[in-house]
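Have a look at final-v8.pdb below; it lists PDB, C-alpha atoms and all ligand atoms.
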MODEL        1
ATOM      1  CA  MET B   1     -16.553 -14.006 -32.635
ATOM      2  CA  ASN B   2     -17.387 -10.960 -30.504
ATOM      3  CA  LEU B   3     -13.909  -9.496 -30.006
ATOM      4  CA  ARG B   4     -15.066  -6.825 -27.541
ATOM      5  CA  GLU B   5     -16.805  -9.337 -25.347
ATOM      6  CA  VAL B   6     -13.929 -11.822 -25.175
ATOM      7  CA  SER B   7     -11.287  -9.163 -24.569
ATOM      8  CA  LYS B   8     -13.358  -7.577 -21.800
ATOM      9  CA  LYS B   9     -13.809 -10.968 -20.172
ATOM     10  CA  GLU B  10     -10.025 -11.355 -20.086
ATOM     11  CA  GLY B  11      -9.625  -8.005 -18.310
ATOM     12  CA  PHE B  12      -8.812  -5.555 -21.118
ATOM     13  CA  GLY B  13     -10.310  -2.092 -20.627
ATOM     14  CA  ALA B  14     -10.757  -1.288 -24.317
ATOM     15  CA  ASP B  15      -9.946  -2.729 -27.701
ATOM     16  CA  TYR B  16      -9.731  -1.335 -31.205
ATOM     17  CA  LEU B  17      -9.862  -3.202 -34.494
ATOM     18  CA  LEU B  18      -7.922  -1.325 -37.168
ATOM     19  CA  PRO B  19      -6.837  -1.861 -40.766
ATOM     20  CA  VAL B  20      -3.277  -3.187 -41.199
ATOM     21  CA  PRO B  21      -1.104  -0.109 -40.613
ATOM     22  CA  GLN B  22       1.684   1.162 -42.881
ATOM     23  CA  TYR B  23       3.975   3.791 -41.419
ATOM     24  CA  ALA B  24       6.853   4.316 -43.819
ATOM     25  CA  ASP B  25       7.517   7.680 -42.184
ATOM     26  CA  TRP B  26       7.896   6.042 -38.769
ATOM     27  CA  THR B  27      10.415   3.531 -40.170
ATOM     28  CA  HIS B  28      12.375   6.390 -41.712
ATOM     29  CA  ARG B  29      12.459   8.237 -38.359
ATOM     30  CA  ARG B  30      13.483   5.086 -36.506
ATOM     31  CA  ASN B  31      16.282   4.435 -38.993
ATOM     32  CA  SER B  32      17.589   7.959 -38.451
ATOM     33  CA  GLY B  33      17.875   7.426 -34.670
ATOM     34  CA  ALA B  34      14.730   9.179 -33.465
ATOM     35  CA  PHE B  35      13.847   6.409 -31.002
ATOM     36  CA  ALA B  36      15.620   4.397 -28.311
ATOM     37  CA  PRO B  37      17.068   1.011 -29.400
ATOM     38  CA  GLN B  38      14.103  -0.714 -27.718
ATOM     39  CA  ALA B  39      12.109   0.253 -30.841
ATOM     40  CA  ASP B  40      14.437  -1.609 -33.219
ATOM     41  CA  TYR B  41      12.259  -4.718 -33.478
ATOM     42  CA  ILE B  42       9.121  -2.817 -34.522
ATOM     43  CA  ALA B  43       7.829  -3.126 -38.086
ATOM     44  CA  GLY B  44       6.619   0.198 -39.475
ATOM     45  CA  ASP B  45       5.149  -1.558 -42.501
ATOM     46  CA  ALA B  46       2.895  -4.200 -40.946
ATOM     47  CA  ALA B  47       1.451  -5.133 -44.360
ATOM     48  CA  ALA B  48       4.884  -6.358 -45.441
ATOM     49  CA  ALA B  49       5.717  -7.970 -42.088
ATOM     50  CA  TYR B  50       2.378  -9.808 -41.726
ATOM     51  CA  PRO B  51       1.165 -10.352 -45.323
ATOM     52  CA  TRP B  52      -1.440 -12.928 -44.225
ATOM     53  CA  ALA B  53      -3.251 -10.555 -41.821
ATOM     54  CA  ASN B  54      -6.219  -8.318 -42.586
ATOM     55  CA  ALA B  55      -6.574  -6.476 -39.264
ATOM     56  CA  LEU B  56      -4.695  -5.154 -36.273
ATOM     57  CA  TRP B  57      -6.308  -5.651 -32.870
ATOM     58  CA  LEU B  58      -5.082  -3.263 -30.194
ATOM     59  CA  LEU B  59      -5.914  -4.273 -26.629
ATOM     60  CA  ILE B  60      -5.642  -1.762 -23.781
ATOM     61  CA  TRP B  61      -4.863  -2.914 -20.242
ATOM     62  CA  PRO B  62      -5.108   0.038 -17.843
ATOM     63  CA  TYR B  63      -3.356  -0.091 -14.488
ATOM     64  CA  ALA B  64      -3.128   1.995 -11.347
ATOM     65  CA  PRO B  65       0.174   3.498 -10.203
ATOM     66  CA  VAL B  66       1.750   1.656  -7.297
ATOM     67  CA  GLN B  67       2.684   3.273  -3.983
ATOM     68  CA  GLY B  68       6.382   2.996  -3.253
ATOM     69  CA  HIS B  69       9.537   2.762  -5.327
ATOM     70  CA  VAL B  70       8.307   0.478  -8.081
ATOM     71  CA  SER B  71       6.547   1.032 -11.382
ATOM     72  CA  GLY B  72       3.212  -0.711 -11.768
ATOM     73  CA  TYR B  73       3.818  -1.103 -15.508
ATOM     74  CA  TYR B  74       5.470  -4.527 -15.411
ATOM     75  CA  PHE B  75       2.820  -6.148 -13.232
ATOM     76  CA  ALA B  76       0.298  -4.994 -15.825
ATOM     77  CA  SER B  77       2.495  -5.947 -18.754
ATOM     78  CA  ASN B  78       2.896  -9.489 -17.441
ATOM     79  CA  ALA B  79      -0.803  -9.907 -16.596
ATOM     80  CA  SER B  80      -1.910  -8.512 -19.965
ATOM     81  CA  TYR B  81       0.566 -10.744 -21.813
ATOM     82  CA  HIS B  82      -0.981 -13.843 -20.248
ATOM     83  CA  ALA B  83      -4.498 -12.536 -20.989
ATOM     84  CA  MET B  84      -3.472 -12.000 -24.609
ATOM     85  CA  MET B  85      -2.146 -15.569 -24.814
ATOM     86  CA  ARG B  86      -5.513 -16.830 -23.590
ATOM     87  CA  LEU B  87      -7.205 -14.727 -26.270
ATOM     88  CA  GLN B  88      -4.942 -16.236 -28.914
ATOM     89  CA  ARG B  89      -5.956 -19.717 -27.820
ATOM     90  CA  ALA B  90      -9.643 -18.729 -28.037
ATOM     91  CA  LEU B  91      -9.066 -17.297 -31.531
ATOM     92  CA  LYS B  92      -7.332 -20.473 -32.628
ATOM     93  CA  GLU B  93     -10.288 -22.553 -31.462
ATOM     94  CA  GLN B  94     -12.446 -20.419 -33.775
ATOM     95  CA  GLY B  95     -10.027 -20.999 -36.663
ATOM     96  CA  ILE B  96      -8.761 -17.395 -36.609
ATOM     97  CA  ALA B  97      -5.023 -16.949 -37.190
ATOM     98  CA  SER B  98      -3.281 -14.449 -34.933
ATOM     99  CA  GLU B  99       0.239 -13.333 -34.145
ATOM    100  CA  ARG B 100       1.647 -10.899 -31.629
ATOM    101  CA  ALA B 101       2.330  -7.699 -33.562
ATOM    102  CA  ALA B 102       5.359  -5.446 -33.243
ATOM    103  CA  VAL B 103       3.876  -2.245 -34.667
ATOM    104  CA  PRO B 104       4.372   1.437 -33.793
ATOM    105  CA  VAL B 105       1.369   1.845 -31.484
ATOM    106  CA  LYS B 106       2.031   5.487 -30.679
ATOM    107  CA  PRO B 107       1.374   6.902 -34.177
ATOM    108  CA  ILE B 108      -1.401   4.371 -34.713
ATOM    109  CA  LEU B 109      -3.286   5.450 -31.570
ATOM    110  CA  THR B 110      -2.833   9.128 -32.287
ATOM    111  CA  GLN B 111      -3.615   9.071 -36.002
ATOM    112  CA  TRP B 112      -6.743   7.032 -35.341
ATOM    113  CA  GLY B 113      -7.898   9.649 -32.814
ATOM    114  CA  ILE B 114      -7.766   7.187 -29.892
ATOM    115  CA  GLY B 115      -4.976   8.822 -27.926
ATOM    116  CA  SER B 116      -2.805  11.891 -27.932
ATOM    117  CA  VAL B 117       0.960  12.257 -27.396
ATOM    118  CA  LEU B 118       1.839  14.526 -24.471
ATOM    119  CA  GLU B 119       4.852  16.694 -23.805
ATOM    120  CA  ASN B 120       6.426  13.765 -21.886
ATOM    121  CA  ASP B 121       6.191  11.667 -25.086
ATOM    122  CA  LEU B 122       3.634   9.304 -23.545
ATOM    123  CA  VAL B 123       0.251   8.606 -25.074
ATOM    124  CA  PHE B 124      -2.817   9.750 -23.145
ATOM    125  CA  ILE B 125      -6.108   7.921 -23.664
ATOM    126  CA  PRO B 126      -9.237   9.539 -22.202
ATOM    127  CA  GLY B 127     -10.492   7.428 -19.303
ATOM    128  CA  PHE B 128      -7.127   5.748 -18.737
ATOM    129  CA  GLY B 129      -4.544   8.537 -18.532
ATOM    130  CA  THR B 130      -1.055   7.428 -19.591
ATOM    131  CA  ARG B 131      -0.923   4.250 -17.517
ATOM    132  CA  PHE B 132      -1.913   1.370 -19.720
ATOM    133  CA  VAL B 133      -0.253  -1.485 -21.562
ATOM    134  CA  VAL B 134      -1.010  -2.031 -25.233
ATOM    135  CA  GLN B 135      -1.019  -5.581 -26.517
ATOM    136  CA  ALA B 136      -1.273  -5.908 -30.284
ATOM    137  CA  LEU B 137      -2.330  -8.848 -32.401
ATOM    138  CA  MET B 138      -2.407  -9.208 -36.160
ATOM    139  CA  LEU B 139      -5.500 -11.175 -37.172
ATOM    140  CA  ALA B 140      -6.866 -12.944 -40.241
ATOM    141  CA  LEU B 141     -10.573 -12.412 -39.678
ATOM    142  CA  PRO B 142     -13.487 -13.659 -41.768
ATOM    143  CA  PRO B 143     -15.002 -10.791 -43.803
ATOM    144  CA  GLU B 144     -18.137 -10.569 -41.626
ATOM    145  CA  ASP B 145     -15.979  -9.812 -38.544
ATOM    146  CA  LEU B 146     -14.009  -7.027 -40.206
ATOM    147  CA  VAL B 147     -15.806  -4.168 -38.466
ATOM    148  CA  PHE B 148     -13.168  -1.536 -37.880
ATOM    149  CA  THR B 149     -13.175   1.025 -35.083
ATOM    150  CA  PRO B 150     -14.295   4.313 -36.649
ATOM    151  CA  LYS B 151     -11.466   6.769 -37.193
ATOM    152  CA  ARG B 152     -11.830   9.959 -35.150
ATOM    153  CA  GLU B 153     -10.247  13.372 -35.499
ATOM    154  CA  PRO B 154      -6.790  13.467 -33.912
ATOM    155  CA  PHE B 155      -6.901  15.570 -30.745
ATOM    156  CA  SER B 156      -4.564  17.290 -28.346
ATOM    157  CA  ALA B 157      -4.777  16.637 -24.594
ATOM    158  CA  CYS B 158      -1.585  18.101 -23.119
ATOM    159  CA  ILE B 159      -2.208  21.342 -21.238
ATOM    160  CA  HIS B 160       1.492  22.256 -21.501
ATOM    161  CA  CYS B 161       1.887  22.995 -17.810
ATOM    162  CA  HIS B 162       5.551  21.825 -18.161
ATOM    163  CA  ARG B 163       5.447  20.039 -14.803
ATOM    164  CA  CYS B 164       6.899  16.884 -16.393
ATOM    165  CA  GLY B 165       9.826  18.866 -17.783
ATOM    166  CA  ARG B 166      10.499  20.601 -14.479
ATOM    167  CA  PHE B 167      10.550  17.353 -12.496
ATOM    168  CA  CYS B 168      12.175  14.990 -15.027
ATOM    169  CA  PRO B 169      15.405  13.826 -13.331
ATOM    170  CA  GLY B 170      17.203  13.308 -16.650
ATOM    171  CA  GLY B 171      16.233  16.577 -18.352
ATOM    172  CA  ALA B 172      14.607  14.646 -21.197
ATOM    173  CA  ILE B 173      11.625  16.961 -21.648
ATOM    174  CA  GLY B 174      12.419  20.457 -22.797
ATOM    175  CA  GLY B 175      11.715  23.245 -25.223
ATOM    176  CA  ARG B 176      12.991  21.179 -28.163
ATOM    177  CA  GLY B 177      10.729  18.244 -27.392
ATOM    178  CA  PHE B 178      11.482  14.853 -25.908
ATOM    179  CA  ASP B 179      15.081  13.566 -25.955
ATOM    180  CA  TRP B 180      15.143   9.801 -25.365
ATOM    181  CA  GLN B 181      18.878   9.983 -24.751
ATOM    182  CA  ARG B 182      18.147  11.791 -21.475
ATOM    183  CA  CYS B 183      15.306   9.498 -20.380
ATOM    184  CA  LEU B 184      16.276   7.036 -17.646
ATOM    185  CA  ARG B 185      13.984   4.332 -18.997
ATOM    186  CA  ALA B 186      16.104   3.992 -22.150
ATOM    187  CA  PHE B 187      19.128   2.869 -20.112
ATOM    188  CA  GLU B 188      17.678   0.238 -17.817
ATOM    189  CA  GLU B 189      17.812  -2.804 -20.044
ATOM    190  CA  GLY B 190      20.523  -4.730 -18.217
ATOM    191  CA  PRO B 191      22.657  -4.808 -15.070
ATOM    192  CA  GLU B 192      24.873  -1.914 -16.155
ATOM    193  CA  MET B 193      23.659   1.659 -16.355
ATOM    194  CA  PRO B 194      25.471   4.922 -17.077
ATOM    195  CA  GLN B 195      26.512   6.700 -13.882
ATOM    196  CA  TRP B 196      24.134   9.613 -14.426
ATOM    197  CA  VAL B 197      21.226   7.139 -14.633
ATOM    198  CA  MET B 198      22.280   5.383 -11.423
ATOM    199  CA  GLU B 199      22.555   8.700  -9.624
ATOM    200  CA  LYS B 200      19.011   9.662 -10.608
ATOM    201  CA  LEU B 201      17.204   6.339 -10.259
ATOM    202  CA  THR B 202      14.202   6.647  -7.934
ATOM    203  CA  CYS B 203      12.212   3.603  -8.948
ATOM    204  CA  LEU B 204      12.608  -0.096  -9.643
ATOM    205  CA  LEU B 205      11.809  -0.927 -13.265
ATOM    206  CA  GLY B 206      11.541   2.381 -15.004
ATOM    207  CA  CYS B 207      10.936   5.926 -13.933
ATOM    208  CA  GLU B 208       7.561   7.195 -12.816
ATOM    209  CA  VAL B 209       8.256  10.879 -12.325
ATOM    210  CA  CYS B 210       6.693  12.428 -15.438
ATOM    211  CA  GLN B 211       3.563  10.303 -15.051
ATOM    212  CA  GLN B 212       3.238  11.046 -11.348
ATOM    213  CA  VAL B 213       3.365  14.812 -11.745
ATOM    214  CA  CYS B 214       1.139  15.027 -14.830
ATOM    215  CA  PRO B 215      -2.256  16.483 -13.867
ATOM    216  CA  LEU B 216      -3.917  14.389 -16.576
ATOM    217  CA  ASN B 217      -3.107  11.306 -14.448
ATOM    218  CA  HIS B 218      -4.351  12.720 -11.167
ATOM    219  CA  PRO B 219      -7.894  11.279 -11.480
ATOM    220  CA  PHE B 220      -6.371   7.789 -11.231
ATOM    221  CA  PRO B 221      -5.358   7.080  -7.621
ATOM    222  CA  PRO B 222      -2.448   4.808  -6.667
ATOM    223  CA  ARG B 223      -2.874   1.392  -5.105
ATOM    224  CA  ALA B 224      -0.812  -0.193  -2.341
ATOM    225  CA  LEU B 225       1.427  -3.129  -3.200
ATOM    226  CA  THR B 226      -0.064  -6.441  -2.147
ATOM    227  CA  GLU B 227       1.804  -8.270   0.592
ATOM    228  CA  ALA B 228       3.112 -10.797  -1.940
ATOM    229  CA  GLU B 229       4.324  -8.019  -4.288
ATOM    230  CA  ALA B 230       6.041  -6.112  -1.459
ATOM    231  CA  GLU B 231       7.751  -9.259  -0.243
ATOM    232  CA  ALA B 232       8.865 -10.350  -3.717
ATOM    233  CA  LEU B 233      10.279  -6.889  -4.451
ATOM    234  CA  SER B 234      11.982  -6.227  -1.126
ATOM    235  CA  LEU B 235      15.358  -4.639  -1.864
ATOM    236  CA  GLN B 236      17.170  -7.022   0.456
ATOM    237  CA  ARG B 237      15.715 -10.035  -1.315
ATOM    238  CA  LEU B 238      16.530  -8.736  -4.788
ATOM    239  CA  ILE B 239      20.076  -7.767  -3.797
ATOM    240  CA  SER B 240      20.664 -11.317  -2.528
ATOM    241  CA  GLY B 241      19.711 -12.568  -6.014
ATOM    242  CA  ASP B 242      16.417 -14.106  -4.869
ATOM    243  CA  VAL B 243      14.427 -12.797  -7.847
ATOM    244  CA  GLY B 244      12.247 -15.806  -8.707
ATOM    245  CA  GLU B 245       9.047 -14.529  -7.051
ATOM    246  CA  ALA B 246       9.520 -11.068  -8.522
ATOM    247  CA  LEU B 247       9.980 -12.487 -12.011
ATOM    248  CA  SER B 248       6.782 -14.507 -11.701
ATOM    249  CA  LEU B 249       4.950 -11.194 -11.100
ATOM    250  CA  ILE B 250       6.661  -8.989 -13.653
ATOM    251  CA  GLY B 251       7.682 -11.434 -16.375
ATOM    252  CA  LYS B 252      10.666 -13.734 -16.814
ATOM    253  CA  ASN B 253      12.154 -11.533 -19.552
ATOM    254  CA  MET B 254      13.047  -9.016 -16.825
ATOM    255  CA  LYS B 255      15.892 -11.257 -15.678
ATOM    256  CA  LYS B 256      18.507 -10.040 -18.152
ATOM    257  CA  GLY B 257      21.763 -10.844 -16.358
ATOM    258  CA  GLY B 258      20.954  -9.472 -12.941
ATOM    259  CA  LYS B 259      18.988  -6.381 -13.947
ATOM    260  CA  LEU B 260      16.668  -6.538 -10.937
ATOM    261  CA  THR B 261      19.521  -7.061  -8.493
ATOM    262  CA  ALA B 262      21.399  -4.152 -10.078
ATOM    263  CA  GLN B 263      18.418  -1.796  -9.845
ATOM    264  CA  ALA B 264      17.690  -2.822  -6.260
ATOM    265  CA  ALA B 265      21.316  -2.129  -5.345
ATOM    266  CA  VAL B 266      21.288   1.316  -6.937
ATOM    267  CA  LEU B 267      17.982   2.171  -5.310
ATOM    268  CA  ALA B 268      19.277   1.041  -1.913
ATOM    269  CA  ALA B 269      22.220   3.396  -2.378
ATOM    270  CA  ASN B 270      20.043   6.315  -3.505
ATOM    271  CA  GLU B 271      17.684   5.764  -0.560
ATOM    272  CA  ASN B 272      20.685   5.688   1.796
ATOM    273  CA  ARG B 273      19.762   2.222   3.062
ATOM    274  CA  GLN B 274      22.780   1.721   5.313
ATOM    275  CA  ASP B 275      21.045  -1.383   6.672
ATOM    276  CA  LEU B 276      21.621  -3.053   3.267
ATOM    277  CA  LEU B 277      25.364  -2.394   3.066
ATOM    278  CA  ALA B 278      26.281  -5.864   4.336
ATOM    279  CA  ALA B 279      23.905  -7.500   1.844
ATOM    280  CA  LEU B 280      25.445  -5.474  -0.977
ATOM    281  CA  GLU B 281      28.968  -6.452   0.033
ATOM    282  CA  GLN B 282      28.003 -10.094   0.232
ATOM    283  CA  ALA B 283      26.385  -9.982  -3.217
ATOM    284  CA  GLN B 284      29.402  -8.217  -4.666
ATOM    285  CA  ASP B 285      31.750 -10.973  -3.447
ATOM    286  CA  THR B 286      30.265 -13.536  -5.814
ATOM    287  CA  ALA B 287      28.867 -11.332  -8.612
ATOM    288  CA  GLN B 288      30.235 -11.376 -12.144
ATOM    289  CA  SER B 289      30.889  -8.369 -14.356
ATOM    290  CA  PRO B 290      28.961  -6.165 -15.270
ATOM    291  CA  LEU B 291      26.626  -6.651 -12.269
ATOM    292  CA  LYS B 292      29.703  -6.544 -10.027
ATOM    293  CA  GLU B 293      30.571  -2.993 -11.133
ATOM    294  CA  THR B 294      27.042  -1.789 -10.413
ATOM    295  CA  LEU B 295      27.148  -3.342  -6.947
ATOM    296  CA  LEU B 296      30.512  -1.697  -6.308
ATOM    297  CA  TRP B 297      29.072   1.657  -7.343
ATOM    298  CA  ALA B 298      26.144   1.176  -4.946
ATOM    299  CA  ILE B 299      28.485   0.226  -2.073
ATOM    300  CA  SER B 300      30.716   3.219  -2.675
ATOM    301  CA  HIS B 301      27.723   5.575  -2.973
ATOM    302  CA  LEU B 302      26.273   4.244   0.251
ATOM    303  CA  LYS B 303      29.572   4.551   2.138
ATOM    304  CA  ASN B 304      29.946   8.160   0.964
ATOM    305  CA  GLN B 305      26.645   9.022   2.643
ATOM    306  CA  ALA B 306      27.459   7.323   5.957
TER     307      ALA B 306
HETATM  308  S1  LIG C 401      10.464   8.554 -17.513
HETATM  309 FE1  LIG C 401      11.674   9.754 -16.047
HETATM  310  S2  LIG C 401      13.551  10.281 -17.162
HETATM  311 FE2  LIG C 401      12.062   9.599 -18.695
HETATM  312  S3  LIG C 401      11.050  11.493 -19.383
HETATM  313 FE3  LIG C 401       9.797  10.667 -17.708
HETATM  314  S4  LIG C 401      10.579  11.707 -15.869
HETATM  315 FE4  LIG C 401      12.109  11.941 -17.468
HETATM  316  S1  LIG C 402       2.773  17.400 -17.015
HETATM  317 FE1  LIG C 402       1.722  19.038 -18.130
HETATM  318  S2  LIG C 402       3.073  19.401 -19.890
HETATM  319 FE2  LIG C 402       3.667  17.430 -19.054
HETATM  320  S3  LIG C 402       2.497  15.956 -20.211
HETATM  321 FE3  LIG C 402       1.300  16.419 -18.391
HETATM  322  S4  LIG C 402      -0.095  18.062 -19.034
HETATM  323 FE4  LIG C 402       1.522  17.942 -20.572
ENDMDL
END
Rewrite the structure of this file - the entire thing - as structure tokens.
Ligand code: SF4
Ligand code: SF4
Amino acid sequence: MNLREVSKKEGFGADYLLPVPQYADWTHRRNSGAFAPQADYIAGDAAAAYPWANALWLLIWPYAPVQGHVSGYYFASNASYHAMMRLQRALKEQGIASERAAVPVKPILTQWGIGSVLENDLVFIPGFGTRFVVQALMLALPPEDLVFTPKREPFSACIHCHRCGRFCPGGAIGGRGFDWQRCLRAFEEGPEMPQWVMEKLTCLLGCEVCQQVCPLNHPFPPRALTEAEAEALSLQRLISGDVGEALSLIGKNMKKGGKLTAQAAVLAANENRQDLLAALEQAQDTAQSPLKETLLWAISHLKNQA
């Protein structure tokens, strides 16, 4: 099976076939609290977690930033997930076992000389910048297909202009490196967020600031939201709880107890959308805790700016 050809046909921008990775050091760092809880499910020792596999296939799905207050990441994540599922079906038809892999892609990409970690803790890949989704599959390939991507010298790409640190709303990027406990993205898993995160939220689904200001991303221009995307992600619609269309674009796992409604409410408050006050009050009337508290915060924040 020509892995490059089939992955390209499904829309992936690049793919890398690597030996099964073992990162005991990464597991040790994770266990000592170096990463946000979102990393808890990752297996540093893929050989132990997937003993049947003989290769790791990393698939890169680049995406353009989106104009407006939304991150383009989740559109790409959802689209690439479905493309990966189609690839898995094609592999199965060829008798090749595969399983979605939870592996530490950051050290893998950097140690293999594919990407480089920047001051903002994101990986940069030449030709894609920092905006890409990585899908990872463990494979059991026949010996003749085990042609690994050649390992290159690790490289450094960051020009240390410190723009990301200067603009980061949480103060996560500083002289002592990256502090995930000050990164907004680490606190957006559900409908409740710490107050300091709500006060600094500028974007639905994540935070785009350090990627926007990074000169290494400037060659990749933003795209406008499609009409369907803009409609599905209208703040009014999300605040009213009408999130079905949005979830079909960004992935059903984004539901998480009213997360989208909560973020839309906070964003409406931070953008001083007085026109959405009535919608917020109506949503608050029927909401359950903890979404209710977030809606109340948004209402109070909005009223204070009136
Ligand atoms: S995502 Fe936002 S909060 Fe996190 S480091 Fe980048 S700019 Fe800072
Ligand atoms: S903004 Fe400057 S310092 Fe920050 S990651 Fe980009 S190149 Fe590096």
Could I get the residues of segment 43-138 of chain B with an atom no further than 7 Å from an atom of segment 13-34 of chain B, each paired with its nearest atom pair and that distance in Å to one decimal, using only C-alpha atoms, sorted by chain and residue number, as a tab-separated table?
residue	atom	partner	partner_atom	distance
B:Gly44	CA	B:Tyr23	CA	4.9
B:Asp45	CA	B:Gln22	CA	4.4
B:Ala46	CA	B:Pro21	CA	5.7
B:Ala47	CA	B:Val20	CA	6.0
B:Asn54	CA	B:Val20	CA	6.1
B:Ala55	CA	B:Pro19	CA	4.9
B:Leu56	CA	B:Leu18	CA	5.1
B:Trp57	CA	B:Leu17	CA	4.6
B:Leu58	CA	B:Tyr16	CA	5.1
B:Leu59	CA	B:Asp15	CA	4.4
B:Ile60	CA	B:Ala14	CA	5.2
B:Trp61	CA	B:Gly13	CA	5.5
B:Pro62	CA	B:Gly13	CA	6.3
Could you write those residues out with C-alpha atoms, as a PDB file, in the frame of the given file?
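Everything below was put into again-v7.pdb:
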ATOM      1  CA  GLY B  44       6.619   0.198 -39.475  1.00  0.00           C
ATOM      2  CA  ASP B  45       5.149  -1.558 -42.501  1.00  0.00           C
ATOM      3  CA  ALA B  46       2.895  -4.200 -40.946  1.00  0.00           C
ATOM      4  CA  ALA B  47       1.451  -5.133 -44.360  1.00  0.00           C
ATOM      5  CA  ASN B  54      -6.219  -8.318 -42.586  1.00  0.00           C
ATOM      6  CA  ALA B  55      -6.574  -6.476 -39.264  1.00  0.00           C
ATOM      7  CA  LEU B  56      -4.695  -5.154 -36.273  1.00  0.00           C
ATOM      8  CA  TRP B  57      -6.308  -5.651 -32.870  1.00  0.00           C
ATOM      9  CA  LEU B  58      -5.082  -3.263 -30.194  1.00  0.00           C
ATOM     10  CA  LEU B  59      -5.914  -4.273 -26.629  1.00  0.00           C
ATOM     11  CA  ILE B  60      -5.642  -1.762 -23.781  1.00  0.00           C
ATOM     12  CA  TRP B  61      -4.863  -2.914 -20.242  1.00  0.00           C
ATOM     13  CA  PRO B  62      -5.108   0.038 -17.843  1.00  0.00           C
TER      14      PRO B  62
END
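Excluding Leu277 of chain B itself and any same-chain residue fewer than 6 positions from it, the protein and nucleic acid residues within 10 Å of it, counting all atoms listed in the file, are Gln236, Ala265, Ala268, Ala269, Ala283, Ala298, Ile299, Ser300, Leu302 and Lys303 of chain B.
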Requested in this report: Set the cut-off to 8 Å, count only C-alpha atoms and all ligand atoms, and list whatever residues fall near ligand LIG 402 (chain C) as a ChimeraX atom specification.
Outcome: /B:118-122,157-165,210-211,213-217
**Report entry** Hits from the PyMOL selection byres (((chain B and resi 189-192) around 12) and not hetatm), listed as a PyMOL selection string
**Finding:** chain B and resi 36-38+184-188+193-198+204-206+239+253-266+287-298
Query raised in the report: Of the candidates B:Arg131, B:Arg182, B:Arg86, B:Lys92, which one gets nearest to Ala64 of chain B if we count only C-alpha atoms?
Result: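 Using only C-alpha atoms, the shortest distance to Ala64 of chain B belongs to B:Arg131.
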Report, as JSON, the axis-aligned box around all atoms of segment 245-261 of chain B present in the file, extended by 4 Å on each side; give centre and edge lengths in Å to one decimal place.
{"center_x": 13.4, "center_y": -10.5, "center_z": -13.3, "size_x": 24.8, "size_y": 16.1, "size_z": 20.5}
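Distance check against Asn304 of chain B using all atoms listed in the file: of B:Asn270, B:Val123, B:Gln111, B:Phe132, the minimum falls on B:Asn270.
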Requested in this report: Can you turn the PyMOL selection byres (((chain B and resi 133) around 10) and not hetatm) into a concrete residue list for this file, as a PyMOL selection string?
Outcome: chain B and resi 12+59-63+73-74+76-81+130-132+134-136
Report task. Please indicate the distance in Å from atom CA of Leu276 of chain B to atom CA of Ser234 of chain B, rounded to one decimal place. Result -> 11.1 Å
Report task. Using all atoms listed in the file, find the one residue out of B:Gln67, B:Gln181, B:Ser156, B:Thr286 that sits nearest to ligand LIG 401 (chain C). Result ->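 The answer is B:Gln181, which sits nearest to ligand LIG 401 (chain C).
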Expansion of the PyMOL selection byres (((chain B and resi 152) around 10) and not hetatm) into residues, as a JSON list (two decimals) with C-alpha atoms, in the coordinates of the input:
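Result went into part.json, see below:
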[["chain", "number", "residue", "atom", "x", "y", "z"],
["B", 110, "THR", "CA", -2.83, 9.13, -32.29],
["B", 111, "GLN", "CA", -3.62, 9.07, -36.00],
["B", 112, "TRP", "CA", -6.74, 7.03, -35.34],
["B", 113, "GLY", "CA", -7.90, 9.65, -32.81],
["B", 114, "ILE", "CA", -7.77, 7.19, -29.89],
["B", 149, "THR", "CA", -13.18, 1.02, -35.08],
["B", 150, "PRO", "CA", -14.30, 4.31, -36.65],
["B", 151, "LYS", "CA", -11.47, 6.77, -37.19],
["B", 153, "GLU", "CA", -10.25, 13.37, -35.50],
["B", 154, "PRO", "CA", -6.79, 13.47, -33.91],
["B", 155, "PHE", "CA", -6.90, 15.57, -30.74]]
Query raised in the report: Which residue out of B:Gln305, B:Gln212, B:Ser240, B:Gln282 has the minimum interatomic distance to Ser71 of chain B when only C-alpha atoms are used?
Result: B:Gln212
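Using only C-alpha atoms and all ligand atoms for every distance, the candidate list B:Ile108, B:Ile250, B:Cys207, B:Leu233 yields B:Cys207 as the residue closest to ligand LIG 401 (chain C).
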Requested in this report: Enter the distance from atom CA of Glu271 of chain B to atom CA of His301 of chain B, in Å, rounded to one decimal.
Outcome: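 Separation between atom CA of Glu271 of chain B and atom CA of His301 of chain B: 10.3 Å.
As for atom CA of Asp242 of chain B and atom CA of Pro169 of chain B, they are spaced 29.2 Å apart.
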Query raised in the report: With distances taken over only C-alpha atoms and all ligand atoms, which of B:Glu93, B:Asp40, B:Glu208, B:Glu99 is nearest to ligand LIG 401 (chain C)?
Result: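 Smallest separation from ligand LIG 401 (chain C) among the options: B:Glu208.
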